[in-house]
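Worksheet: one structure, shown below.
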Amino acid sequence: MIVAHNFYKQAGGEDEVFASEISLLQSRGHEVHKFIMRNDDIELMGKLAMFGTTLWNGDAKRKLANLVRETRAELVHFHNTFPLMSPAVYYAARDAGAAVVQTLHNYRLSCPASTFYRDGKLCEDCLGKIPWRAVKHNCYRGRGTSAVSATMLGVHRAMGTYRNAVDAYVALSEFAKNKFIEGGLPADKMYVKANFVNPDPGAGTGDGGYMIFVGRLTEEKGILTLLSAWRELNGACQLKIVGDGPLKLEVEKAAQEIPGIEYLGRRPLSEVCDLIGRAGALVFPSVWYEGMPRTIVESFAKGTPVIASKLGTMAEMIEDGVSGWLFTPGNASELAAAVKRAVNEPAIANIRGAARREFETNYTAGRNYDCLMHIYAKAMERRDARVSSRDEDCDVVDAGATHP
């Protein structure tokens, strides 16, 4: 099989999933070939060339088709095709005889900005509609880039690319699956497979006496809500903040002014995992839909409960009062109250046990592999049916031909 990914300039969760799934497949004896493009190449392209490439990259299409034929790959699994691969690569894989699978790590196929978030609030203006509003509001890095993303969506929806050129879609949660169906993707090709953590880091102790936030320091991650909640707590609970991002200065200032906040900046993954394991809870105050936050999965793996916004996938992953606590998105007072509940929870050992069981039930490598094989099998069934239908059409044409 071939696993394909277009890397962004900044490394992120999609890159980690791409690497983790390849490692998982190889560990189970699968021969995996990579097809990779990197956004660093954008700097060498003009705006017009970039626009054309995003809509239809003929060179990427040819290269992938050749790789499918050379390796005799029966399936190509795409993680990200935007912007350099373009949807043309779906046709390359399909026409070369492979089944086509696409993991939906973000909401790009329903929202040109991929986030359903604009001007500090949730936005579904383009969901299931012609995405011209994204250009009007400069949703994705300015009007020009927004126009490129919106045009790609519009053109390939009209071509039927997303309905016909993909055999199976992988959504990361039931919430995301339903959003994509609402946006027009075919329900019968949609499957749910969560992210996973491998190797299993083992349960932590939870004896650190602090709560922890891990992630990018951005508005949509709920950083301002987090800081406001700790201002209300006024030293009643310690908070460690791990990460970097545009709101770094605000976090550094808060760490100096608000009792209980410690800003750690970036930390190695192994250290972060240990910090999560010793925390009383992971605080995850995002105000946008999220995809499948690996940080929450990592927290469950350590047996650390999660305090999160009651929104989208987060509300699906966390059972309030069982594996963590939920609060209204953006409501600092509710977040502060949830923190107090966590600090004063008399049955915290049961909560930590439930968090760990969430990991063992839903987010292990074994569970992920089983889900992946099921999705691959369904995709290949569709490929076989497509090939069979094409052969039957050819037989009908041959039978109707007139021979001398």
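Going through the structure tokens in order, the chains are called A, B, and so on, while each chain numbers its residues from 1 and the ligands are numbered from 1 in the order shown.
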
Sorted by chain and rising residue number, which residues of range 33-77 of chain A lie within 12 Å of range 16-21 of chain A, and what are their closest atom pairs and distances in Å to one decimal, counting only C-alpha atoms, as a Markdown table?
| residue | atom | partner | partner_atom | distance |
| --- | --- | --- | --- | --- |
| A:Lys34 | CA | A:Phe18 | CA | 10.0 |
| A:Phe35 | CA | A:Phe18 | CA | 11.2 |
| A:Ile36 | CA | A:Phe18 | CA | 10.6 |
| A:His77 | CA | A:Phe18 | CA | 9.8 |

With all heavy atoms kept, could you save the residues just selected as a short mmCIF file (atom, residue, chain, number, x, y, z; two decimals), in the first residue's frame?
data_model
loop_
_atom_site.label_atom_id
_atom_site.label_comp_id
_atom_site.auth_asym_id
_atom_site.auth_seq_id
_atom_site.Cartn_x
_atom_site.Cartn_y
_atom_site.Cartn_z
N LYS A 34 5.79 5.41 0.86
CA LYS A 34 5.37 6.77 1.17
C LYS A 34 5.33 7.62 -0.10
O LYS A 34 6.18 7.48 -0.98
CB LYS A 34 6.33 7.42 2.18
CG LYS A 34 6.42 6.72 3.50
CD LYS A 34 7.45 7.42 4.39
CE LYS A 34 7.70 6.65 5.67
NZ LYS A 34 8.74 7.30 6.51
N PHE A 35 4.34 8.50 -0.16
CA PHE A 35 4.28 9.52 -1.20
C PHE A 35 4.13 10.85 -0.47
O PHE A 35 3.11 11.11 0.16
CB PHE A 35 3.10 9.28 -2.15
CG PHE A 35 3.06 10.26 -3.30
CD1 PHE A 35 3.93 10.13 -4.37
CD2 PHE A 35 2.13 11.29 -3.31
CE1 PHE A 35 3.89 11.02 -5.42
CE2 PHE A 35 2.08 12.19 -4.38
CZ PHE A 35 2.97 12.05 -5.43
N ILE A 36 5.18 11.69 -0.54
CA ILE A 36 5.26 12.88 0.31
C ILE A 36 5.50 14.13 -0.52
O ILE A 36 6.28 14.12 -1.48
CB ILE A 36 6.40 12.71 1.34
CG1 ILE A 36 6.08 11.61 2.34
CG2 ILE A 36 6.69 14.02 2.07
CD1 ILE A 36 7.23 11.27 3.26
N HIS A 77 -3.69 5.47 0.93
CA HIS A 77 -4.31 6.16 2.06
C HIS A 77 -3.72 7.57 2.15
O HIS A 77 -2.54 7.75 2.41
CB HIS A 77 -4.02 5.38 3.35
CG HIS A 77 -4.70 5.95 4.56
ND1 HIS A 77 -4.78 5.27 5.75
CD2 HIS A 77 -5.35 7.13 4.78
CE1 HIS A 77 -5.43 6.00 6.63
NE2 HIS A 77 -5.77 7.14 6.06
#

Exercise for the section: Give me the residues within 10 Å of Gln238 in chain A as a ChimeraX atom specification, counting only C-alpha atoms and dropping any in the same chain fewer than 3 places off. Expected result: /A:208-212,230,233-235,259-262,279-280

Same residues, N, CA and C atoms, output as a PDB file, in the first residue's frame:
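So the final result, stored in part18.pdb, reads:
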ATOM      1  N   GLY A 208       1.138  15.269  41.451  1.00  0.00           N
ATOM      2  CA  GLY A 208       1.918  16.499  41.284  1.00  0.00           C
ATOM      3  C   GLY A 208       1.335  17.727  41.954  1.00  0.00           C
ATOM      4  N   GLY A 209       0.042  17.696  42.275  1.00  0.00           N
ATOM      5  CA  GLY A 209      -0.576  18.842  42.920  1.00  0.00           C
ATOM      6  C   GLY A 209      -0.816  20.020  41.998  1.00  0.00           C
ATOM      7  N   TYR A 210      -1.003  19.757  40.708  1.00  0.00           N
ATOM      8  CA  TYR A 210      -1.234  20.838  39.747  1.00  0.00           C
ATOM      9  C   TYR A 210      -2.145  20.350  38.620  1.00  0.00           C
ATOM     10  N   MET A 211      -2.719  21.305  37.889  1.00  0.00           N
ATOM     11  CA  MET A 211      -3.402  21.041  36.634  1.00  0.00           C
ATOM     12  C   MET A 211      -2.444  21.426  35.512  1.00  0.00           C
ATOM     13  N   ILE A 212      -2.714  20.944  34.296  1.00  0.00           N
ATOM     14  CA  ILE A 212      -1.796  21.226  33.196  1.00  0.00           C
ATOM     15  C   ILE A 212      -2.556  21.541  31.914  1.00  0.00           C
ATOM     16  N   TRP A 230      -8.136  31.121  36.000  1.00  0.00           N
ATOM     17  CA  TRP A 230      -7.130  31.079  37.071  1.00  0.00           C
ATOM     18  C   TRP A 230      -7.052  32.404  37.827  1.00  0.00           C
ATOM     19  N   LEU A 233      -9.640  31.804  40.351  1.00  0.00           N
ATOM     20  CA  LEU A 233      -9.203  30.844  41.362  1.00  0.00           C
ATOM     21  C   LEU A 233      -8.224  31.472  42.354  1.00  0.00           C
ATOM     22  N   ASN A 234      -7.464  32.462  41.907  1.00  0.00           N
ATOM     23  CA  ASN A 234      -6.604  33.264  42.780  1.00  0.00           C
ATOM     24  C   ASN A 234      -5.704  32.403  43.666  1.00  0.00           C
ATOM     25  N   GLY A 235      -5.003  31.473  43.047  1.00  0.00           N
ATOM     26  CA  GLY A 235      -4.035  30.674  43.771  1.00  0.00           C
ATOM     27  C   GLY A 235      -4.580  29.422  44.419  1.00  0.00           C
ATOM     28  N   PRO A 259      -1.628  34.390  40.609  1.00  0.00           N
ATOM     29  CA  PRO A 259      -1.087  33.358  41.489  1.00  0.00           C
ATOM     30  C   PRO A 259      -1.382  31.954  40.959  1.00  0.00           C
ATOM     31  N   GLY A 260      -0.374  31.103  41.016  1.00  0.00           N
ATOM     32  CA  GLY A 260      -0.563  29.698  40.689  1.00  0.00           C
ATOM     33  C   GLY A 260      -0.188  29.298  39.281  1.00  0.00           C
ATOM     34  N   ILE A 261       0.072  30.269  38.379  1.00  0.00           N
ATOM     35  CA  ILE A 261       0.384  29.923  36.993  1.00  0.00           C
ATOM     36  C   ILE A 261       1.895  29.845  36.783  1.00  0.00           C
ATOM     37  N   GLU A 262       2.328  28.754  36.169  1.00  0.00           N
ATOM     38  CA  GLU A 262       3.727  28.580  35.796  1.00  0.00           C
ATOM     39  C   GLU A 262       3.798  28.268  34.308  1.00  0.00           C
ATOM     40  N   ALA A 279      -0.188  15.194  36.749  1.00  0.00           N
ATOM     41  CA  ALA A 279      -1.186  16.252  36.937  1.00  0.00           C
ATOM     42  C   ALA A 279      -2.485  15.702  37.512  1.00  0.00           C
ATOM     43  N   GLY A 280      -3.192  16.578  38.243  1.00  0.00           N
ATOM     44  CA  GLY A 280      -4.515  16.203  38.737  1.00  0.00           C
ATOM     45  C   GLY A 280      -5.515  16.103  37.607  1.00  0.00           C
TER      46      GLY A 280
END

Exercise for the section: Output as a ChimeraX atom specification all residues of range 15-166 of chain A that backbone DSSP marks as helix (DSSP H, G or I). Expected result: /A:15-27,39-44,47-55,58-71,88-95,132-136,143-159,161-164

Dump as a PDB file, in the first residue's frame, selection limited to C-alpha atoms:
ATOM      1  CA  ASP A  15       2.274  14.580  10.785  1.00  0.00           C
ATOM      2  CA  GLU A  16       2.387  12.539  13.997  1.00  0.00           C
ATOM      3  CA  VAL A  17      -0.613  10.442  12.963  1.00  0.00           C
ATOM      4  CA  PHE A  18       0.906   9.867   9.518  1.00  0.00           C
ATOM      5  CA  ALA A  19       4.123   8.552  11.085  1.00  0.00           C
ATOM      6  CA  SER A  20       2.344   6.551  13.796  1.00  0.00           C
ATOM      7  CA  GLU A  21       0.029   4.751  11.380  1.00  0.00           C
ATOM      8  CA  ILE A  22       2.874   3.846   9.039  1.00  0.00           C
ATOM      9  CA  SER A  23       4.840   2.456  11.971  1.00  0.00           C
ATOM     10  CA  LEU A  24       1.781   0.495  13.118  1.00  0.00           C
ATOM     11  CA  LEU A  25       1.175  -0.966   9.661  1.00  0.00           C
ATOM     12  CA  GLN A  26       4.808  -1.941   9.229  1.00  0.00           C
ATOM     13  CA  SER A  27       4.881  -3.576  12.656  1.00  0.00           C
ATOM     14  CA  ASN A  39       4.895  23.044   1.710  1.00  0.00           C
ATOM     15  CA  ASP A  40       8.449  24.396   1.820  1.00  0.00           C
ATOM     16  CA  ASP A  41       8.284  24.128  -1.985  1.00  0.00           C
ATOM     17  CA  ILE A  42       5.605  26.847  -2.089  1.00  0.00           C
ATOM     18  CA  GLU A  43       8.294  29.513  -1.687  1.00  0.00           C
ATOM     19  CA  LEU A  44       9.624  28.589  -5.133  1.00  0.00           C
ATOM     20  CA  LYS A  47       0.881  32.955  -7.065  1.00  0.00           C
ATOM     21  CA  LEU A  48      -0.583  31.864 -10.394  1.00  0.00           C
ATOM     22  CA  ALA A  49       1.356  28.592 -10.362  1.00  0.00           C
ATOM     23  CA  MET A  50       0.240  27.988  -6.789  1.00  0.00           C
ATOM     24  CA  PHE A  51      -3.395  28.541  -7.735  1.00  0.00           C
ATOM     25  CA  GLY A  52      -3.174  26.063 -10.612  1.00  0.00           C
ATOM     26  CA  THR A  53      -1.311  23.486  -8.556  1.00  0.00           C
ATOM     27  CA  THR A  54      -3.882  23.570  -5.751  1.00  0.00           C
ATOM     28  CA  LEU A  55      -6.713  22.965  -8.212  1.00  0.00           C
ATOM     29  CA  GLY A  58      -0.761  17.062 -13.046  1.00  0.00           C
ATOM     30  CA  ASP A  59       2.836  16.330 -12.094  1.00  0.00           C
ATOM     31  CA  ALA A  60       1.817  14.890  -8.705  1.00  0.00           C
ATOM     32  CA  LYS A  61      -0.892  12.870 -10.464  1.00  0.00           C
ATOM     33  CA  ARG A  62       1.630  11.315 -12.865  1.00  0.00           C
ATOM     34  CA  LYS A  63       4.163  10.553 -10.140  1.00  0.00           C
ATOM     35  CA  LEU A  64       1.618   8.888  -7.894  1.00  0.00           C
ATOM     36  CA  ALA A  65       0.126   6.867 -10.749  1.00  0.00           C
ATOM     37  CA  ASN A  66       3.595   5.600 -11.606  1.00  0.00           C
ATOM     38  CA  LEU A  67       4.252   4.681  -7.977  1.00  0.00           C
ATOM     39  CA  VAL A  68       0.978   2.763  -7.747  1.00  0.00           C
ATOM     40  CA  ARG A  69       1.867   0.771 -10.862  1.00  0.00           C
ATOM     41  CA  GLU A  70       5.490   0.180  -9.843  1.00  0.00           C
ATOM     42  CA  THR A  71       4.571  -1.075  -6.370  1.00  0.00           C
ATOM     43  CA  ALA A  88      -5.853  15.156  -8.802  1.00  0.00           C
ATOM     44  CA  VAL A  89      -4.010  12.466  -6.837  1.00  0.00           C
ATOM     45  CA  TYR A  90      -7.306  10.732  -5.997  1.00  0.00           C
ATOM     46  CA  TYR A  91      -7.841  10.162  -9.719  1.00  0.00           C
ATOM     47  CA  ALA A  92      -4.249   8.964 -10.107  1.00  0.00           C
ATOM     48  CA  ALA A  93      -4.731   6.264  -7.494  1.00  0.00           C
ATOM     49  CA  ARG A  94      -8.208   5.286  -8.692  1.00  0.00           C
ATOM     50  CA  ASP A  95      -7.301   5.093 -12.381  1.00  0.00           C
ATOM     51  CA  TRP A 132     -17.746  32.297  -1.418  1.00  0.00           C
ATOM     52  CA  ARG A 133     -18.190  33.714   2.097  1.00  0.00           C
ATOM     53  CA  ALA A 134     -14.694  32.521   2.978  1.00  0.00           C
ATOM     54  CA  VAL A 135     -13.317  34.887   0.334  1.00  0.00           C
ATOM     55  CA  LYS A 136     -15.501  37.747   1.549  1.00  0.00           C
ATOM     56  CA  ARG A 143      -8.282  37.016   0.439  1.00  0.00           C
ATOM     57  CA  GLY A 144      -6.035  35.474  -2.212  1.00  0.00           C
ATOM     58  CA  THR A 145      -5.327  32.275  -0.302  1.00  0.00           C
ATOM     59  CA  SER A 146      -8.963  32.082   0.796  1.00  0.00           C
ATOM     60  CA  ALA A 147      -9.978  32.310  -2.858  1.00  0.00           C
ATOM     61  CA  VAL A 148      -7.629  29.450  -3.773  1.00  0.00           C
ATOM     62  CA  SER A 149      -9.031  27.165  -1.051  1.00  0.00           C
ATOM     63  CA  ALA A 150     -12.648  28.092  -1.821  1.00  0.00           C
ATOM     64  CA  THR A 151     -12.175  27.623  -5.576  1.00  0.00           C
ATOM     65  CA  MET A 152     -10.620  24.197  -5.049  1.00  0.00           C
ATOM     66  CA  LEU A 153     -13.644  23.134  -3.017  1.00  0.00           C
ATOM     67  CA  GLY A 154     -16.128  24.574  -5.479  1.00  0.00           C
ATOM     68  CA  VAL A 155     -14.483  23.077  -8.559  1.00  0.00           C
ATOM     69  CA  HIS A 156     -14.074  19.584  -7.138  1.00  0.00           C
ATOM     70  CA  ARG A 157     -17.553  19.507  -5.667  1.00  0.00           C
ATOM     71  CA  ALA A 158     -18.865  20.341  -9.143  1.00  0.00           C
ATOM     72  CA  MET A 159     -16.661  17.633 -10.674  1.00  0.00           C
ATOM     73  CA  THR A 161     -14.427  14.391  -6.938  1.00  0.00           C
ATOM     74  CA  TYR A 162     -15.362  14.024  -3.294  1.00  0.00           C
ATOM     75  CA  ARG A 163     -18.361  11.806  -4.089  1.00  0.00           C
ATOM     76  CA  ASN A 164     -16.806   9.558  -6.697  1.00  0.00           C
TER      77      ASN A 164
END

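Each of A:Pro293, A:Leu224, A:Arg382, A:Ala337 was checked against Gly12 in chain A using only C-alpha atoms; the smallest atom-to-atom distance is that of A:Pro293.
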
Handout entry: Spatial neighbours of Pro285 in chain A, 9 Å, only C-alpha atoms, chain gap at least 5 places, as a ChimeraX atom specification
Key = /A:213,220-223,225-226,307-310,327,329-330,335

For the residues selected in the previous step, produce a file with N, CA, C and O atoms as a PDB file, in the first residue's frame.
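Written output follows (part_20.pdb):
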ATOM      1  N   PHE A 213      -2.030  22.503  31.156  1.00  0.00           N
ATOM      2  CA  PHE A 213      -2.481  22.778  29.795  1.00  0.00           C
ATOM      3  C   PHE A 213      -1.327  22.481  28.863  1.00  0.00           C
ATOM      4  O   PHE A 213      -0.192  22.919  29.102  1.00  0.00           O
ATOM      5  N   GLU A 220      -8.271  30.204  19.646  1.00  0.00           N
ATOM      6  CA  GLU A 220      -9.238  29.120  19.505  1.00  0.00           C
ATOM      7  C   GLU A 220      -8.990  27.978  20.495  1.00  0.00           C
ATOM      8  O   GLU A 220      -9.892  27.184  20.773  1.00  0.00           O
ATOM      9  N   LYS A 221      -7.781  27.900  21.039  1.00  0.00           N
ATOM     10  CA  LYS A 221      -7.487  26.877  22.046  1.00  0.00           C
ATOM     11  C   LYS A 221      -8.006  27.255  23.435  1.00  0.00           C
ATOM     12  O   LYS A 221      -7.864  26.483  24.381  1.00  0.00           O
ATOM     13  N   GLY A 222      -8.599  28.448  23.542  1.00  0.00           N
ATOM     14  CA  GLY A 222      -9.215  28.849  24.801  1.00  0.00           C
ATOM     15  C   GLY A 222      -8.253  29.371  25.841  1.00  0.00           C
ATOM     16  O   GLY A 222      -8.567  29.374  27.037  1.00  0.00           O
ATOM     17  N   ILE A 223      -7.093  29.870  25.413  1.00  0.00           N
ATOM     18  CA  ILE A 223      -6.083  30.342  26.356  1.00  0.00           C
ATOM     19  C   ILE A 223      -6.622  31.487  27.211  1.00  0.00           C
ATOM     20  O   ILE A 223      -6.376  31.551  28.429  1.00  0.00           O
ATOM     21  N   THR A 225      -9.687  32.125  28.077  1.00  0.00           N
ATOM     22  CA  THR A 225     -10.616  31.559  29.060  1.00  0.00           C
ATOM     23  C   THR A 225      -9.850  30.923  30.211  1.00  0.00           C
ATOM     24  O   THR A 225     -10.193  31.070  31.383  1.00  0.00           O
ATOM     25  N   LEU A 226      -8.792  30.209  29.871  1.00  0.00           N
ATOM     26  CA  LEU A 226      -7.950  29.553  30.876  1.00  0.00           C
ATOM     27  C   LEU A 226      -7.359  30.565  31.853  1.00  0.00           C
ATOM     28  O   LEU A 226      -7.425  30.390  33.083  1.00  0.00           O
ATOM     29  N   ILE A 307     -10.472  18.137  31.946  1.00  0.00           N
ATOM     30  CA  ILE A 307     -11.461  19.206  32.095  1.00  0.00           C
ATOM     31  C   ILE A 307     -11.538  19.913  30.750  1.00  0.00           C
ATOM     32  O   ILE A 307     -10.559  20.528  30.319  1.00  0.00           O
ATOM     33  N   ALA A 308     -12.668  19.811  30.059  1.00  0.00           N
ATOM     34  CA  ALA A 308     -12.731  20.307  28.678  1.00  0.00           C
ATOM     35  C   ALA A 308     -14.045  21.024  28.386  1.00  0.00           C
ATOM     36  O   ALA A 308     -15.043  20.865  29.099  1.00  0.00           O
ATOM     37  N   SER A 309     -14.022  21.787  27.317  1.00  0.00           N
ATOM     38  CA  SER A 309     -15.224  22.463  26.828  1.00  0.00           C
ATOM     39  C   SER A 309     -16.252  21.437  26.372  1.00  0.00           C
ATOM     40  O   SER A 309     -15.904  20.437  25.727  1.00  0.00           O
ATOM     41  N   LYS A 310     -17.501  21.698  26.685  1.00  0.00           N
ATOM     42  CA  LYS A 310     -18.590  20.821  26.249  1.00  0.00           C
ATOM     43  C   LYS A 310     -18.955  21.195  24.821  1.00  0.00           C
ATOM     44  O   LYS A 310     -19.920  21.891  24.553  1.00  0.00           O
ATOM     45  N   PHE A 327     -17.443  21.876  30.761  1.00  0.00           N
ATOM     46  CA  PHE A 327     -17.965  23.209  31.080  1.00  0.00           C
ATOM     47  C   PHE A 327     -18.343  23.921  29.789  1.00  0.00           C
ATOM     48  O   PHE A 327     -17.901  23.529  28.694  1.00  0.00           O
ATOM     49  N   PRO A 329     -18.201  26.242  26.752  1.00  0.00           N
ATOM     50  CA  PRO A 329     -17.053  26.850  26.075  1.00  0.00           C
ATOM     51  C   PRO A 329     -16.983  28.353  26.326  1.00  0.00           C
ATOM     52  O   PRO A 329     -17.990  29.060  26.226  1.00  0.00           O
ATOM     53  N   GLY A 330     -15.797  28.817  26.667  1.00  0.00           N
ATOM     54  CA  GLY A 330     -15.579  30.243  26.854  1.00  0.00           C
ATOM     55  C   GLY A 330     -16.019  30.795  28.195  1.00  0.00           C
ATOM     56  O   GLY A 330     -15.820  31.987  28.467  1.00  0.00           O
ATOM     57  N   LEU A 335     -15.357  27.050  34.148  1.00  0.00           N
ATOM     58  CA  LEU A 335     -14.074  26.336  34.153  1.00  0.00           C
ATOM     59  C   LEU A 335     -13.474  26.345  35.559  1.00  0.00           C
ATOM     60  O   LEU A 335     -12.997  25.314  36.049  1.00  0.00           O
TER      61      LEU A 335
END

Problem - Shell of 10 Å around Gly120 in chain A, only C-alpha atoms, local chain residues under 5 positions omitted, as an MDAnalysis selection string - result: chainID A and resid 219:220 287:288

Exercise for the section: Show which residues sit within 10 Å of Ile348 in chain A, as a PyMOL selection string. Count only C-alpha atoms, and ignore same-chain residues fewer than 2 positions away. Expected result: chain A and resi 206+280+304-305+322-324+342-346+350-354

Counting only C-alpha atoms, which residues of range 215-334 of chain A fall within 8 Å of range 176-180 of chain A, and what is the closest atom pair for each with its distance in Å at one decimal, ordered by chain and rising number, as a tab-separated table?
residue	atom	partner	partner_atom	distance
A:Gly291	CA	A:Ala176	CA	7.2
A:Gly312	CA	A:Ala176	CA	7.7
A:Thr313	CA	A:Ala176	CA	7.2

Keeping only N, CA, C and O atoms, write those residues as a tab-separated table (two decimals), in the first residue's frame.
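Wrote it out as part13.tsv, contents follow:
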chain	number	residue	atom	x	y	z
A	291	GLY	N	-10.35	18.39	16.10
A	291	GLY	CA	-10.49	17.18	15.30
A	291	GLY	C	-10.54	15.99	16.26
A	291	GLY	O	-11.58	15.59	16.73
A	312	GLY	N	-18.40	19.70	20.53
A	312	GLY	CA	-17.88	18.85	19.48
A	312	GLY	C	-17.29	17.54	19.96
A	312	GLY	O	-17.86	16.84	20.81
A	313	THR	N	-16.13	17.21	19.43
A	313	THR	CA	-15.47	15.95	19.75
A	313	THR	C	-15.10	15.84	21.22
A	313	THR	O	-15.10	14.75	21.79

Problem - Nearest to Lys129 in chain A, chosen from A:Gly183, A:Ala73, A:Thr81, A:Ala98, with only C-alpha atoms counted in the distances - result: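 Distance minimum relative to Lys129 in chain A lands on A:Gly183.
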
Handout entry: Residue list (strand (DSSP E or B), DSSP) for range 81-314 of chain A, as a ChimeraX atom specification
Key = /A:99-104,117-118,121-122,168-171,190-192,210-214,238-242,261-265,281-284,306-309

Next, dump the selected residues to file, keeping only C-alpha atoms, as a short mmCIF file (atom, residue, chain, number, x, y, z; two decimals), in the first residue's frame.
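Final output, saved to again.cif:
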data_model
loop_
_atom_site.label_atom_id
_atom_site.label_comp_id
_atom_site.auth_asym_id
_atom_site.auth_seq_id
_atom_site.Cartn_x
_atom_site.Cartn_y
_atom_site.Cartn_z
CA ALA A 99 -8.65 1.84 -3.56
CA VAL A 100 -8.67 5.42 -2.25
CA VAL A 101 -8.91 6.29 1.47
CA GLN A 102 -8.82 9.83 2.89
CA THR A 103 -8.44 10.66 6.58
CA LEU A 104 -10.22 13.90 7.49
CA TYR A 117 -13.93 29.31 13.35
CA ARG A 118 -13.87 33.00 12.40
CA LYS A 121 -16.45 32.45 17.26
CA LEU A 122 -17.72 29.30 15.58
CA ALA A 168 -13.67 5.60 2.09
CA TYR A 169 -13.36 8.60 4.39
CA VAL A 170 -11.95 8.34 7.91
CA ALA A 171 -13.54 10.78 10.35
CA MET A 190 -17.84 7.64 6.03
CA TYR A 191 -16.17 5.68 8.86
CA VAL A 192 -14.99 6.66 12.33
CA TYR A 210 -1.23 20.84 39.75
CA MET A 211 -3.40 21.04 36.63
CA ILE A 212 -1.80 21.23 33.20
CA PHE A 213 -2.48 22.78 29.79
CA VAL A 214 -0.58 21.45 26.77
CA GLN A 238 -1.53 25.41 40.56
CA LEU A 239 -1.42 25.41 36.74
CA LYS A 240 1.46 24.48 34.46
CA ILE A 241 1.20 25.73 30.86
CA VAL A 242 3.24 23.92 28.20
CA ILE A 261 0.38 29.92 36.99
CA GLU A 262 3.73 28.58 35.80
CA TYR A 263 4.68 28.87 32.12
CA LEU A 264 7.08 26.15 30.98
CA GLY A 265 7.27 26.93 27.25
CA ALA A 281 -6.20 16.91 35.40
CA LEU A 282 -5.49 18.12 31.88
CA VAL A 283 -7.31 21.38 31.12
CA PHE A 284 -8.52 21.59 27.52
CA VAL A 306 -9.65 15.93 31.43
CA ILE A 307 -11.46 19.21 32.09
CA ALA A 308 -12.73 20.31 28.68
CA SER A 309 -15.22 22.46 26.83
#

Practice task
Please provide as a list in words all residues within 12 Å of Ala203 in chain A, with the sequence filter that same-chain residues fewer than 5 positions apart are discarded (counting only C-alpha atoms).
Solution key: Cys273, Asp274, Leu275, Ile276, Gly277, Arg278, Ala279, Glu298, Ser299, Phe300, Ala301, Lys302, Gly303, Thr304, Pro305, Ala349, Arg352, Gly353, Ala354, Ala355, Arg356, Arg357, Phe359 and Glu360 of chain A

Handout entry: Which residue of A:Ala347, A:Ala194, A:Leu217, A:Ala229 approaches Asn331 in chain A most closely, using only C-alpha atoms
Key =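 Among the listed residues, A:Ala229 lies closest to Asn331 in chain A.
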
Problem - Gap from CA of Ala113 in chain A to CA of Leu269 in chain A - Å, one decimal - result: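 Computed distance, CA of Ala113 in chain A to CA of Leu269 in chain A, equals 28.2 Å.
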